[in-house]
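Asker: Okay, here's the structure, questions in a sec.
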Amino acid sequence: MRLLEFQAKELFREYGINLLPSKASTTIEEGRKHAKELGYPFVIKIQVPVGGRGKAGGIQKCQNDDEFDLKYPQVLDLTIKGEKARAILLEKMADIKKELYLSLFLNRSKRCYTIIASPEGGVEIESVKNQIIREVGLGDVSEQVAREIAKEMKLDGKAADDFVDILQKLAKLTVEKEAELAEINPLAIMQDGSLMALDGKFVTDDNSNFRHDELQKYQEKTEIEERAEKSGFSLVELDGDIAVVGNGAGLVMSTLDMLSDNGGKPACFLDVGGGATTESVYEALTLISKMNRVKGILVNLYGGIVKTTVVAEAFLKAYDDKLINLPVFARLKGTESEKAKEMLKESRTKIYDSVEDAINAAVMGIKK
Amino acid sequence: MTDIFKLLRGSPEDSDYKKKGVIVQGITGAYGSLHAKNMMSYGTNIVAGVTPGKGGQKFEDKVPIYNTVKEAVDTSGAKISIIFVPAKFFLGAAKEALDAGIKLLVAIPEHVPVRDTMQVLDLANKKGAVVIGPNTPGIMIPELIKIGIMPPTPFKAGKIAVLSKSGTLLYEISDALTNSGFGQSITIGIGGDPINGTRMIDAFEMVKDIPDLEGLVVVGEIGGDSEEILAQRIIDIGFKKPTVAYIAGRAAPKEKRMGHAGAIVMGTYGSAESKVSMFNKANIPVAKRPSQVPVLLAGKMQQSD
């Protein structure tokens, strides 16, 4: 899961990484209380799980009460890349000398943790030429390695000491919380030479959730997503009108691509996992029935050993139970498909031999 | 470099040539037992099962079950194991297998924490063992040996190597290939996780020198840069066998995990465009749909004639 800045900072604080005083709120009343406690000037920062906040006006300086009353609601009302504010973080303003970059991430091709550090911070790291890259195996960063990187960063005195301290703490946090990415950008050198984490990005490995009860408070899930997870499905909600259901992530992605190529707009990505049963398909239809935008359902099941009649039963039951009254365009690869077609003859579910045919029918059918 | 055919098939002088023994860890579970049966009916020589606490019993009245992998290895001499255990038990099961001398480990479980995978790979590296997966459909030489969960119908013996991150797309595309007369010499499931025991590039190294190889099909998807690295390698060594790719996830939104733990685009890293453009650079056509793969492959073969 991807933590918000203030959540990442909660972890940073717990691990002793230097931070400026800050407080998170969700209402202006709460925010006003925080403003008094912190004192002006401070920065109002929107908390959304996407980047590009500054450019979108989600980070505003605030000098006094009048500015606060004007800017807090403005920032709270912003939508950035489709994401509404989850909270507002007020953070003391700081006198910064220089901005650095520091992160640890899971290097997929090298299959190890990797440190990226740069003396140029505050911008997107992809655009920075001056990168220091160091592979660190399973994430253990010795003081010696940290010192070497500090030296390459041309840091000395207090800044170098703080850098070593922060890097080692960030590495410990990354390993212990099983993060895929822990990023401090910018990592600021203050006027007194000390270092502070001004922003924080932290992405954990969802597959390790079972070992991290302490992180579950950061989990953000809709009711539908929670139900999907319980059934062992993968669900990504999208904003189109044709729900896409299939078995296997690759197959569903592929179906999404082909639907989009044909001018269709997917309403969701729903992978029911390995085998398809009457129950799993019925549950998938139940979830889709809760999405109001859906006008039709595209089903692509590849079952080498799946009986398509078993899947057909789920559709029939869903219509019988009045769970759905939507047209279903299905490609069911498996055994007994002739029989399944016969079963569904009188229903709003149509079975096609190829996924291309099912997609064409779905796109045409929805337009009507 | 790993001689995967030696591991899977052996050499003619071996007493177990073309019937290499395979151990199934988690053979009494619902999933493990179903696929153990399916592998046996495909012709895979399942020589032992492992389920702690069920040692001494027999699976399907013939395959002995042991409490530990070590006992299974000591008695059967098998060097291959396939793991069907819940993700949270994978680390323990995999370490046990590697410590017992397993040289080819096929890791089926999905949702294995990355840290566990990295620990397993670290140990495998020290032991000189190959790990396929996790979150893989497995590996097979069609009509000879299947170590995985693939349905048998899409596959036919032949001369095309297929490497795939996805399971269902492996079936779908192999089916299309088979129907167009392209059988497969080997199919390797890379898996949908961010960290793979056998990466695309490793799988390529395993298959590129197959003497009678007639073509290569790469089934990739968004996330990571293994397709890009593979394309670069193909350029670097001047690999000339007809090669076709398919990339799933062109329409996927950014920063969303599309079912597979590894299928996520961060910025431009892992994007379909990046992969497609690298394949184009390597002069490898990228199919728009799975059904297009055999058409493009046939085209490539005509060019190289």
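Residue numbering restarts at 1 in every chain; chains get A, B, ... in the order shown in the structure tokens, and ligands count up from 1 in that same order.
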Using only C-alpha atoms, determine which residues of chain A fall within 8 Å of chain B; present them as a PyMOL selection string.

Answerer: chain A and resi 108-109+111-112+138+178+205-208+234-236+247-251+253-254+256-258+260+269+271+302-305

Asker: How would the residues just chosen look if you wrote them out with N, CA and C atoms as a PDB file, in the first residue's frame?

Answerer:
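Result file is out_25.pdb:
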```pdb
ATOM      1  N   ARG A 108      14.017  -4.339  -9.159  1.00  0.00           N
ATOM      2  CA  ARG A 108      13.442  -5.578  -9.696  1.00  0.00           C
ATOM      3  C   ARG A 108      14.411  -6.341 -10.583  1.00  0.00           C
ATOM      4  N   SER A 109      15.145  -5.618 -11.444  1.00  0.00           N
ATOM      5  CA  SER A 109      16.014  -6.355 -12.361  1.00  0.00           C
ATOM      6  C   SER A 109      17.254  -6.876 -11.651  1.00  0.00           C
ATOM      7  N   ARG A 111      17.275  -7.502  -8.379  1.00  0.00           N
ATOM      8  CA  ARG A 111      16.735  -8.321  -7.285  1.00  0.00           C
ATOM      9  C   ARG A 111      17.403  -8.004  -5.943  1.00  0.00           C
ATOM     10  N   CYS A 112      17.519  -6.702  -5.658  1.00  0.00           N
ATOM     11  CA  CYS A 112      18.083  -6.299  -4.380  1.00  0.00           C
ATOM     12  C   CYS A 112      17.566  -4.902  -4.052  1.00  0.00           C
ATOM     13  N   LEU A 138      19.963  -7.247   0.699  1.00  0.00           N
ATOM     14  CA  LEU A 138      18.671  -7.363   1.367  1.00  0.00           C
ATOM     15  C   LEU A 138      18.335  -6.116   2.190  1.00  0.00           C
ATOM     16  N   GLU A 178       9.011  -3.812   5.307  1.00  0.00           N
ATOM     17  CA  GLU A 178       8.937  -4.461   3.999  1.00  0.00           C
ATOM     18  C   GLU A 178       8.437  -3.511   2.920  1.00  0.00           C
ATOM     19  N   ASP A 205       4.900  -3.612   0.585  1.00  0.00           N
ATOM     20  CA  ASP A 205       4.561  -4.813  -0.178  1.00  0.00           C
ATOM     21  C   ASP A 205       3.238  -5.364   0.377  1.00  0.00           C
ATOM     22  N   ASP A 206       2.186  -5.280  -0.423  1.00  0.00           N
ATOM     23  CA  ASP A 206       0.872  -5.746   0.040  1.00  0.00           C
ATOM     24  C   ASP A 206       0.902  -7.207   0.480  1.00  0.00           C
ATOM     25  N   ASN A 207       1.774  -7.992  -0.155  1.00  0.00           N
ATOM     26  CA  ASN A 207       1.817  -9.410   0.181  1.00  0.00           C
ATOM     27  C   ASN A 207       2.385  -9.670   1.569  1.00  0.00           C
ATOM     28  N   SER A 208       2.969  -8.641   2.181  1.00  0.00           N
ATOM     29  CA  SER A 208       3.492  -8.829   3.536  1.00  0.00           C
ATOM     30  C   SER A 208       2.531  -8.269   4.584  1.00  0.00           C
ATOM     31  N   SER A 234      -8.800  -9.854  -7.657  1.00  0.00           N
ATOM     32  CA  SER A 234      -8.104  -8.571  -7.792  1.00  0.00           C
ATOM     33  C   SER A 234      -9.047  -7.626  -8.507  1.00  0.00           C
ATOM     34  N   LEU A 235      -9.243  -6.453  -7.942  1.00  0.00           N
ATOM     35  CA  LEU A 235     -10.175  -5.495  -8.526  1.00  0.00           C
ATOM     36  C   LEU A 235      -9.526  -4.125  -8.615  1.00  0.00           C
ATOM     37  N   VAL A 236      -9.603  -3.526  -9.805  1.00  0.00           N
ATOM     38  CA  VAL A 236      -9.223  -2.126  -9.953  1.00  0.00           C
ATOM     39  C   VAL A 236     -10.415  -1.431 -10.586  1.00  0.00           C
ATOM     40  N   ASN A 247     -10.261 -14.580 -15.753  1.00  0.00           N
ATOM     41  CA  ASN A 247      -9.424 -15.287 -14.794  1.00  0.00           C
ATOM     42  C   ASN A 247      -7.965 -15.174 -15.185  1.00  0.00           C
ATOM     43  N   GLY A 248      -7.175 -14.646 -14.280  1.00  0.00           N
ATOM     44  CA  GLY A 248      -5.759 -14.429 -14.537  1.00  0.00           C
ATOM     45  C   GLY A 248      -5.514 -12.968 -14.871  1.00  0.00           C
ATOM     46  N   ALA A 249      -4.538 -12.363 -14.182  1.00  0.00           N
ATOM     47  CA  ALA A 249      -4.271 -10.930 -14.349  1.00  0.00           C
ATOM     48  C   ALA A 249      -3.887 -10.589 -15.786  1.00  0.00           C
ATOM     49  N   GLY A 250      -3.054 -11.421 -16.388  1.00  0.00           N
ATOM     50  CA  GLY A 250      -2.595 -11.148 -17.747  1.00  0.00           C
ATOM     51  C   GLY A 250      -3.757 -11.153 -18.724  1.00  0.00           C
ATOM     52  N   LEU A 251      -4.610 -12.155 -18.601  1.00  0.00           N
ATOM     53  CA  LEU A 251      -5.753 -12.273 -19.515  1.00  0.00           C
ATOM     54  C   LEU A 251      -6.707 -11.086 -19.361  1.00  0.00           C
ATOM     55  N   MET A 253      -5.950  -8.047 -18.213  1.00  0.00           N
ATOM     56  CA  MET A 253      -5.281  -6.860 -18.765  1.00  0.00           C
ATOM     57  C   MET A 253      -5.400  -6.862 -20.278  1.00  0.00           C
ATOM     58  N   SER A 254      -5.155  -8.021 -20.867  1.00  0.00           N
ATOM     59  CA  SER A 254      -5.218  -8.156 -22.319  1.00  0.00           C
ATOM     60  C   SER A 254      -6.627  -7.826 -22.838  1.00  0.00           C
ATOM     61  N   LEU A 256      -8.795  -5.870 -21.363  1.00  0.00           N
ATOM     62  CA  LEU A 256      -8.935  -4.421 -21.169  1.00  0.00           C
ATOM     63  C   LEU A 256      -8.314  -3.668 -22.357  1.00  0.00           C
ATOM     64  N   ASP A 257      -7.133  -4.116 -22.775  1.00  0.00           N
ATOM     65  CA  ASP A 257      -6.431  -3.481 -23.900  1.00  0.00           C
ATOM     66  C   ASP A 257      -7.265  -3.577 -25.172  1.00  0.00           C
ATOM     67  N   MET A 258      -7.761  -4.795 -25.441  1.00  0.00           N
ATOM     68  CA  MET A 258      -8.506  -5.004 -26.689  1.00  0.00           C
ATOM     69  C   MET A 258      -9.816  -4.229 -26.672  1.00  0.00           C
ATOM     70  N   SER A 260     -10.342  -1.404 -25.096  1.00  0.00           N
ATOM     71  CA  SER A 260      -9.996   0.000 -25.313  1.00  0.00           C
ATOM     72  C   SER A 260      -9.642   0.261 -26.775  1.00  0.00           C
ATOM     73  N   PHE A 269     -11.396  -3.654 -13.712  1.00  0.00           N
ATOM     74  CA  PHE A 269     -10.544  -4.811 -13.985  1.00  0.00           C
ATOM     75  C   PHE A 269     -10.870  -5.781 -12.863  1.00  0.00           C
ATOM     76  N   ASP A 271     -10.237  -9.683 -11.751  1.00  0.00           N
ATOM     77  CA  ASP A 271      -9.625 -10.996 -11.958  1.00  0.00           C
ATOM     78  C   ASP A 271     -10.131 -11.927 -10.863  1.00  0.00           C
ATOM     79  N   TYR A 302     -10.620 -18.174 -19.532  1.00  0.00           N
ATOM     80  CA  TYR A 302      -9.872 -19.244 -20.173  1.00  0.00           C
ATOM     81  C   TYR A 302      -9.730 -20.365 -19.170  1.00  0.00           C
ATOM     82  N   GLY A 303     -10.513 -21.387 -19.343  1.00  0.00           N
ATOM     83  CA  GLY A 303     -10.392 -22.503 -18.423  1.00  0.00           C
ATOM     84  C   GLY A 303     -10.062 -23.732 -19.215  1.00  0.00           C
ATOM     85  N   GLY A 304      -8.861 -24.242 -19.039  1.00  0.00           N
ATOM     86  CA  GLY A 304      -8.509 -25.456 -19.746  1.00  0.00           C
ATOM     87  C   GLY A 304      -9.376 -26.601 -19.266  1.00  0.00           C
ATOM     88  N   ILE A 305      -9.666 -26.587 -17.979  1.00  0.00           N
ATOM     89  CA  ILE A 305     -10.435 -27.692 -17.421  1.00  0.00           C
ATOM     90  C   ILE A 305     -11.755 -27.211 -16.827  1.00  0.00           C
TER      91      ILE A 305
END
```

Asker: Name the residues of range 6-172 of chain B that fall into helix (DSSP H, G or I) according to DSSP on the backbone, using the chain letters and numbers of this document, as a short mmCIF file (atom, residue, chain, number, x, y, z; two decimals) with C-alpha atoms, in the first residue's frame.

Answerer:
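This is the output file states_36.cif:
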```
data_model
loop_
_atom_site.label_atom_id
_atom_site.label_comp_id
_atom_site.auth_asym_id
_atom_site.auth_seq_id
_atom_site.Cartn_x
_atom_site.Cartn_y
_atom_site.Cartn_z
CA LYS B 6 19.46 -31.50 -18.63
CA LEU B 7 17.46 -30.84 -15.47
CA LEU B 8 14.07 -31.56 -17.02
CA ALA B 30 -6.70 -29.24 -2.23
CA TYR B 31 -4.61 -27.41 -4.81
CA GLY B 32 -1.52 -29.58 -4.50
CA SER B 33 -3.41 -32.85 -4.82
CA LEU B 34 -5.43 -31.68 -7.84
CA HIS B 35 -2.33 -30.62 -9.70
CA ALA B 36 -0.27 -33.60 -8.58
CA LYS B 37 -2.92 -35.79 -10.21
CA ASN B 38 -2.96 -33.63 -13.34
CA MET B 39 0.82 -33.74 -13.63
CA MET B 40 0.81 -37.51 -13.21
CA SER B 41 -1.78 -37.97 -15.92
CA TYR B 42 0.33 -35.75 -18.17
CA VAL B 69 11.84 -32.85 1.85
CA LYS B 70 15.10 -34.38 3.01
CA GLU B 71 13.48 -37.81 3.45
CA ALA B 72 11.80 -37.43 0.05
CA VAL B 73 15.10 -36.51 -1.62
CA ASP B 74 17.10 -39.20 0.20
CA THR B 75 14.68 -41.93 -0.82
CA SER B 76 13.82 -40.82 -4.36
CA ALA B 87 2.22 -17.95 0.61
CA LYS B 88 3.06 -17.44 4.27
CA PHE B 89 4.63 -20.91 4.45
CA PHE B 90 6.57 -20.58 1.21
CA LEU B 91 9.80 -19.31 2.77
CA GLY B 92 10.08 -22.30 5.09
CA ALA B 93 9.14 -24.81 2.41
CA ALA B 94 11.56 -23.37 -0.15
CA LYS B 95 14.49 -23.23 2.30
CA GLU B 96 13.82 -26.80 3.30
CA ALA B 97 13.86 -27.90 -0.34
CA LEU B 98 17.09 -26.06 -1.15
CA ASP B 99 18.78 -27.36 2.00
CA VAL B 114 9.06 -10.02 -1.72
CA ARG B 115 11.42 -10.23 1.26
CA ASP B 116 10.78 -13.98 1.46
CA THR B 117 11.44 -14.42 -2.25
CA MET B 118 14.71 -12.51 -1.93
CA GLN B 119 15.82 -14.70 0.94
CA VAL B 120 15.00 -17.83 -1.03
CA LEU B 121 16.90 -16.56 -4.08
CA ASP B 122 19.88 -15.70 -1.91
CA LEU B 123 19.98 -19.28 -0.64
CA ALA B 124 19.33 -20.75 -4.12
CA ASN B 125 22.25 -18.76 -5.43
CA LYS B 126 24.55 -20.18 -2.76
CA LYS B 127 23.32 -23.72 -3.47
CA GLY B 167 -0.33 -17.93 -16.70
CA THR B 168 -3.60 -17.55 -18.58
CA LEU B 169 -1.91 -15.62 -21.40
CA LEU B 170 0.62 -18.43 -21.68
CA TYR B 171 -2.27 -20.85 -22.21
CA GLU B 172 -4.09 -18.50 -24.56
#
```

Asker: Taking only C-alpha atoms into account, which of A:Lys230, A:Lys84, A:Lys322, A:Lys169 comes nearest Gly58 in chain A?

Answerer: A:Lys84

Asker: Taking 6 positions as the minimum chain separation for residues in the same chain, which residues sit within 6 Å of Ile116 in chain A when counting only C-alpha atoms? Answer as a list of chain:residue names.

Answerer: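 Listing them by chain and then by number gives A:Leu102, A:Ser103, A:Ile132, A:Ile133.
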
Asker: Please produce a file of the residues just selected, as a PDB file, in the first residue's frame, where the atoms kept are N, CA and C atoms.

Answerer:
```pdb
ATOM      1  N   LEU A 102      17.001  11.360  -1.454  1.00  0.00           N
ATOM      2  CA  LEU A 102      17.425  10.068  -0.918  1.00  0.00           C
ATOM      3  C   LEU A 102      16.285   9.055  -1.001  1.00  0.00           C
ATOM      4  N   SER A 103      16.570   7.881  -1.516  1.00  0.00           N
ATOM      5  CA  SER A 103      15.551   6.819  -1.483  1.00  0.00           C
ATOM      6  C   SER A 103      16.193   5.444  -1.449  1.00  0.00           C
ATOM      7  N   ILE A 132      23.554   9.062  -7.442  1.00  0.00           N
ATOM      8  CA  ILE A 132      24.472   8.088  -6.861  1.00  0.00           C
ATOM      9  C   ILE A 132      23.648   6.833  -6.603  1.00  0.00           C
ATOM     10  N   ILE A 133      24.066   5.730  -7.194  1.00  0.00           N
ATOM     11  CA  ILE A 133      23.274   4.507  -7.092  1.00  0.00           C
ATOM     12  C   ILE A 133      24.107   3.430  -6.415  1.00  0.00           C
TER      13      ILE A 133
END
```

Asker: Kindly indicate which residue among A:Gly264, A:Pro119, A:Gly52, A:Gly296 lies nearest to Asn360 in chain A, using only C-alpha atoms for the distances.

Answerer: A:Gly264

Asker: Excluding Ile359 in chain A and its own-chain neighbours fewer than 2 positions away, which residues fall within 10 Å of it when counting only C-alpha atoms? Please give them as a PyMOL selection string.

Answerer: chain A and resi 242+255-256+258-264+297-300+329-331+352+354-357+361-365

Asker: Looking at B:Glu60, B:Leu163, B:Glu143, B:Gly191, which one is nearest to Pro109 in chain B, with distances taken over only C-alpha atoms?

Answerer: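 Among B:Glu60, B:Leu163, B:Glu143, B:Gly191, it is B:Gly191 that comes nearest to Pro109 in chain B.
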
Asker: Name the residues in contact with Phe233 in chain A at a cut-off of 9 Å, using only C-alpha atoms, excluding same-chain residues fewer than 6 positions from it; report them as a list in words.

Answerer: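 So the residues in contact are Glu225, Arg227, Leu270, Asp271, Val272, Gly273, Ser280 and Ala284 of chain A; Gly259 of chain B.
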
Asker: Please produce a file of those selected residues containing N, CA and C atoms, as a PDB file, in the first residue's frame.

Answerer:
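Once everything was written out, this is part_18.pdb:
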```pdb
ATOM      1  N   GLU A 225     -13.870  -3.155  -2.695  1.00  0.00           N
ATOM      2  CA  GLU A 225     -12.497  -3.679  -2.736  1.00  0.00           C
ATOM      3  C   GLU A 225     -12.262  -4.701  -1.625  1.00  0.00           C
ATOM      4  N   ARG A 227     -14.514  -6.603  -0.215  1.00  0.00           N
ATOM      5  CA  ARG A 227     -15.208  -7.854  -0.566  1.00  0.00           C
ATOM      6  C   ARG A 227     -14.451  -8.632  -1.616  1.00  0.00           C
ATOM      7  N   LEU A 270     -11.413  -6.925 -13.202  1.00  0.00           N
ATOM      8  CA  LEU A 270     -11.767  -7.877 -12.153  1.00  0.00           C
ATOM      9  C   LEU A 270     -11.232  -9.262 -12.505  1.00  0.00           C
ATOM     10  N   ASP A 271     -10.237  -9.683 -11.751  1.00  0.00           N
ATOM     11  CA  ASP A 271      -9.625 -10.996 -11.958  1.00  0.00           C
ATOM     12  C   ASP A 271     -10.131 -11.927 -10.863  1.00  0.00           C
ATOM     13  N   VAL A 272     -10.904 -12.934 -11.264  1.00  0.00           N
ATOM     14  CA  VAL A 272     -11.479 -13.841 -10.258  1.00  0.00           C
ATOM     15  C   VAL A 272     -10.492 -14.939  -9.857  1.00  0.00           C
ATOM     16  N   GLY A 273      -9.292 -14.891 -10.436  1.00  0.00           N
ATOM     17  CA  GLY A 273      -8.264 -15.851 -10.029  1.00  0.00           C
ATOM     18  C   GLY A 273      -8.399 -17.188 -10.737  1.00  0.00           C
ATOM     19  N   SER A 280     -17.659 -18.248  -7.659  1.00  0.00           N
ATOM     20  CA  SER A 280     -16.769 -17.105  -7.876  1.00  0.00           C
ATOM     21  C   SER A 280     -17.349 -16.166  -8.926  1.00  0.00           C
ATOM     22  N   ALA A 284     -18.508 -12.289  -8.412  1.00  0.00           N
ATOM     23  CA  ALA A 284     -18.015 -11.218  -9.292  1.00  0.00           C
ATOM     24  C   ALA A 284     -19.188 -10.383  -9.803  1.00  0.00           C
TER      25      ALA A 284
ATOM     26  N   GLY B 259      -3.694  -6.688 -10.656  1.00  0.00           N
ATOM     27  CA  GLY B 259      -3.787  -8.109 -10.325  1.00  0.00           C
ATOM     28  C   GLY B 259      -2.470  -8.728  -9.894  1.00  0.00           C
TER      29      GLY B 259
END
```

Asker: Just how far from CA of Gly189 in chain B is CA of Leu296 in chain B, in Å to one decimal?

Answerer: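 Computing it gives 21.5 Å between the two atoms.
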
Asker: Taking the chain letters and numbering used in this document, name the residues of range 173-366 of chain A that DSSP puts in strand (DSSP E), as a count of residues only.

Answerer: 58

Asker: In Å, rounded to a single decimal, give me how far CA of Leu90 in chain A is from CA of Phe42 in chain A.

Answerer: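 If I compute the distance from CA of Phe42 in chain A to CA of Leu90 in chain A, I get 6.4 Å.
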